[in-house]
2 protein chains.
Amino acid sequence: MGRWEPNGRGRLERAALELYQERGFEQTTVAEIAKRAGLTERTFFRHFADKREVLFWDAGALQELLVSTVARMPDSAAPIDAVAAALEVAGALLQERREYSRKRQAVIAANPELHERELIKLASLGSAMAEVLRRRGVREPTASLTAEAGIAVFKVAFGSWVDETTSRDLPQLIRESLDELRSVTARR
Amino acid sequence: MGRWEPNGRGRLERAALELYQERGFEQTTVAEIAKRAGLTERTFFRHFADKREVLFWDAGALQELLVSTVARMPDSAAPIDAVAAALEVAGALLQERREYSRKRQAVIAANPELHERELIKLASLGSAMAEVLRRRGVREPTASLTAEAGIAVFKVAFGSWVDETTSRDLPQLIRESLDELRSVTARR
DNA sequence: TCAGACGATGGCAGCTGCTGTCATCAAGTA
DNA sequence: TACTTGATGACAGCAGCTGCCATCGTCTGA
């Protein structure tokens with residue numbers, strides 16, 4: 001295990017989120033985060049590739065969840081429905097950590113650099129879903145477009161979920177958002 | 001005008017793109033860009049907020065073009081059609097600089113930091129379009145969803161346009177991409 | 001024509017993010 | 001008990017980026 005206290009990575013995460021909240025992302029130095037976690041700056045960069053990544057390192061798990069859920073859907077499911085089902089599963093997971101998600105999102109919204117990082121994580125989720133759709137026999141550009149549409153649906157639904165004072169259900173919001181997309185794109 | 005040669009900003013842009021192509025983004029220092037442009041590092045940062053922005057500073061013009069085009073559409077136009085029309089106009093503009101667009105995109109694709117910056121520029125275009133839709137009386141979440149769908153359509157169409165050896169028409173690819181999105185989201 | 005305003009640039013110091021390298025320490029293993 | 005292994009500390013150093021002030025060319029008004 002570690003040299004002194006266990007779970008150095010977790011302490012770094014917690015310290016970073018706290019300090020980003022208290023002083024803002026730019027006004028926080030990595031040395032300060034490390035100090036609050038009882039570690040050194042050098043160790044921070046062994047756990048996280050950069051100062052932003054500390055807020056996003058769990059994105060990999062979310063991506064695996066999305067991919068495996070899409071992969072498990074019956075072949076009869078339309079691509080957009082497979083994607084929507086996966087997003088609802090992921091939404092249910094996020095739902096369990098609503099307070100954490102809100103805090104984190106407030107920090108991200110307050111800083112453009114963090115917003116950039118969030119966007120590339122979402123884009124990565126999209127690419128992964130397009131890839132699994134292709135493995136299911138969906139051709140391009142249908143696969144990419146379906147995945148991108150899914151990401152768009154998720155972004156809007158997640159935004160509503162975070163903003164609202166009354167806590168509506170995230171999977172439900174995702175369904176409603178997809179319905180709205182269908183209306184928006186429907187030919188009249 | 002400038003102190004010696006005119007158009008320092010343009011020289012910096014050109015030098016940066018060249019060096020990013022030759023050695024890659026990370027392997028290029030700002031001092032090297034400035035030197036090739038006959039200027040200093042300090043002056044580079046007066047023209048561009050950071051090392052990435054030199055490839056994206058013209059995004060503002062594209063955004064204005066999109067916004068004004070949406071704003072000029074007749075009230076009878078459906079939101080998605082207004083957005084699509086604006087994207088086609090923007091696509092026609094990009095079409096005129098195909099070689100430059102390709103070079104630039106190759107550089108961006110080769111570096112995650114540049115990809116991040118591109119994504120936030122696209123997100124900014126989306127926000128601007130959502131805003132102009134709201135001014136046209138479109139409510140949320142319809143406005144955001146329409147704009148996000150437009151960005152998704154554009155991303156896929158632009159990707160095809162850049163990849164293909166035979167140069168198909170970008171506005172045409174955008175129309176086809178929107179048609180594909182309609183098919184993908186259509187209820188069966 | 002000349003003095004001063006103004007805008008763009010150079011030069012320099014300094015902070016911070018991030019990396020490479022080597023030493024150190026705790027715990028497990030033969 | 002000696003050796004290995006994995007996480008950490010310590011330190012040097014580069015590059016991105018900023019603040020500050022000096023400098024230079026051009027424009028403007030008397």
# chains A, B, ... in the order shown; residues from 1 in each chain; ligands from 1

$ residues_around --residues "DG10 (chain C)" --least-positions-apart "5" --cutoff "9 Å" --atoms "only C-alpha atoms (C1' of nucleotides)" --output "PyMOL selection string"
(chain B and resi 39-40+42-43) or (chain D and resi 22-23)

$ interface_residues --of "chain C" --to "chain A" --cutoff "10 Å" --atoms "only C-alpha atoms (C1' of nucleotides)" --output "compact mmCIF listing (two decimals) with N, CA and C atoms (P, O5', C5', C4', C3', O3' and C1' of nucleotides), in the first residue's frame"
# COMPACT_ATOMS: atom_id res chain seq x y z
P DT C 16 2.35 30.67 -7.96
O5' DT C 16 2.02 29.59 -9.10
C5' DT C 16 1.13 29.95 -10.13
C4' DT C 16 1.16 28.90 -11.21
C3' DT C 16 1.12 27.44 -10.70
O3' DT C 16 0.06 26.78 -11.34
C1' DT C 16 2.82 27.73 -12.32
P DG C 17 -0.41 25.30 -10.90
O5' DG C 17 -0.23 24.48 -12.25
C5' DG C 17 -0.83 24.96 -13.45
C4' DG C 17 -0.22 24.23 -14.62
C3' DG C 17 -0.28 22.71 -14.54
O3' DG C 17 -0.58 22.20 -15.83
C1' DG C 17 1.98 23.39 -14.76
P DC C 18 -1.08 20.66 -15.97
O5' DC C 18 0.32 19.91 -16.09
C5' DC C 18 1.08 20.11 -17.28
C4' DC C 18 2.46 19.53 -17.13
C3' DC C 18 2.56 18.07 -16.65
O3' DC C 18 2.86 17.28 -17.80
C1' DC C 18 4.31 19.46 -15.81
P DT C 19 3.21 15.73 -17.69
O5' DT C 19 4.80 15.74 -17.58
C5' DT C 19 5.55 16.39 -18.59
C4' DT C 19 7.03 16.05 -18.42
C3' DT C 19 7.30 14.58 -18.07
O3' DT C 19 8.33 14.09 -18.93
C1' DT C 19 8.35 16.01 -16.49
P DC C 25 14.61 7.13 4.65
O5' DC C 25 13.25 6.33 4.85
C5' DC C 25 12.01 7.00 4.58
C4' DC C 25 10.96 5.99 4.20
C3' DC C 25 10.90 4.75 5.11
O3' DC C 25 9.62 4.68 5.70
C1' DC C 25 10.77 4.17 2.81
P DA C 26 9.41 3.83 7.08
O5' DA C 26 8.28 2.81 6.63
C5' DA C 26 7.09 3.33 6.04
C4' DA C 26 6.39 2.24 5.27
C3' DA C 26 6.22 0.93 6.05
O3' DA C 26 4.88 0.49 5.96
C1' DA C 26 7.25 0.53 3.94
P DA C 27 4.33 -0.68 6.93
O5' DA C 27 4.15 -1.89 5.92
C5' DA C 27 3.40 -1.68 4.73
C4' DA C 27 3.68 -2.80 3.76
C3' DA C 27 3.65 -4.20 4.40
O3' DA C 27 2.76 -5.04 3.70
C1' DA C 27 5.61 -3.90 3.09

$ interface_residues --of "chain A" --to "chain B" --cutoff "6 Å" --atoms "only C-alpha atoms" --output "PyMOL selection string"
chain A and resi 116+120+148+152+182+185

$ write_last_selection --atoms "C-alpha atoms" --output "mmCIF file, in the first residue's frame"
data_model
loop_
_atom_site.group_PDB
_atom_site.id
_atom_site.type_symbol
_atom_site.label_atom_id
_atom_site.label_comp_id
_atom_site.auth_asym_id
_atom_site.auth_seq_id
_atom_site.Cartn_x
_atom_site.Cartn_y
_atom_site.Cartn_z
ATOM 1 C CA GLU A 116 -13.197 21.892 -22.552
ATOM 2 C CA ILE A 120 -13.791 15.946 -24.918
ATOM 3 C CA GLU A 148 -23.796 12.229 -31.648
ATOM 4 C CA ALA A 152 -26.852 15.902 -27.680
ATOM 5 C CA ARG A 182 -37.809 13.486 -32.512
ATOM 6 C CA THR A 185 -36.382 16.728 -36.556
#

$ interface_residues --of "chain D" --to "chain A" --cutoff "9 Å" --atoms "only C-alpha atoms (C1' of nucleotides)" --output "number ranges by chain"
D: 6-9

$ write_last_selection --atoms "N, CA and C atoms (P, O5', C5', C4', C3', O3' and C1' of nucleotides)" --output "CSV table (one decimal), in the first residue's frame"
chain,number,residue,atom,x,y,z
D,6,DG,P,5.7,-3.9,-8.7
D,6,DG,O5',4.9,-2.7,-7.9
D,6,DG,C5',4.2,-3.1,-6.7
D,6,DG,C4',4.0,-1.8,-5.9
D,6,DG,C3',3.7,-0.6,-6.8
D,6,DG,O3',2.6,0.1,-6.2
D,6,DG,C1',5.5,-0.1,-5.4
D,7,DA,P,1.9,1.4,-7.0
D,7,DA,O5',2.1,2.5,-6.0
D,7,DA,C5',1.7,2.3,-4.6
D,7,DA,C4',2.4,3.3,-3.7
D,7,DA,C3',2.1,4.8,-4.2
D,7,DA,O3',1.7,5.6,-3.1
D,7,DA,C1',4.4,4.4,-3.8
D,8,DT,P,1.2,7.1,-3.3
D,8,DT,O5',2.5,7.9,-2.8
D,8,DT,C5',2.9,7.8,-1.5
D,8,DT,C4',4.3,8.4,-1.4
D,8,DT,C3',4.4,9.9,-1.7
D,8,DT,O3',4.5,10.7,-0.5
D,8,DT,C1',6.3,8.6,-2.4
D,9,DG,P,4.6,12.3,-0.7
D,9,DG,O5',6.2,12.5,-0.7
D,9,DG,C5',7.0,11.9,0.4
D,9,DG,C4',8.4,12.4,0.3
D,9,DG,C3',8.6,13.9,0.0
D,9,DG,O3',9.7,14.3,0.8
D,9,DG,C1',9.6,12.6,-1.7

$ residues_around --residues "region 84-89 of chain B" --least-positions-apart "6" --cutoff "6 Å" --atoms "only C-alpha atoms (C1' of nucleotides)" --output "PyMOL selection string"
chain B and resi 66+69-70+171
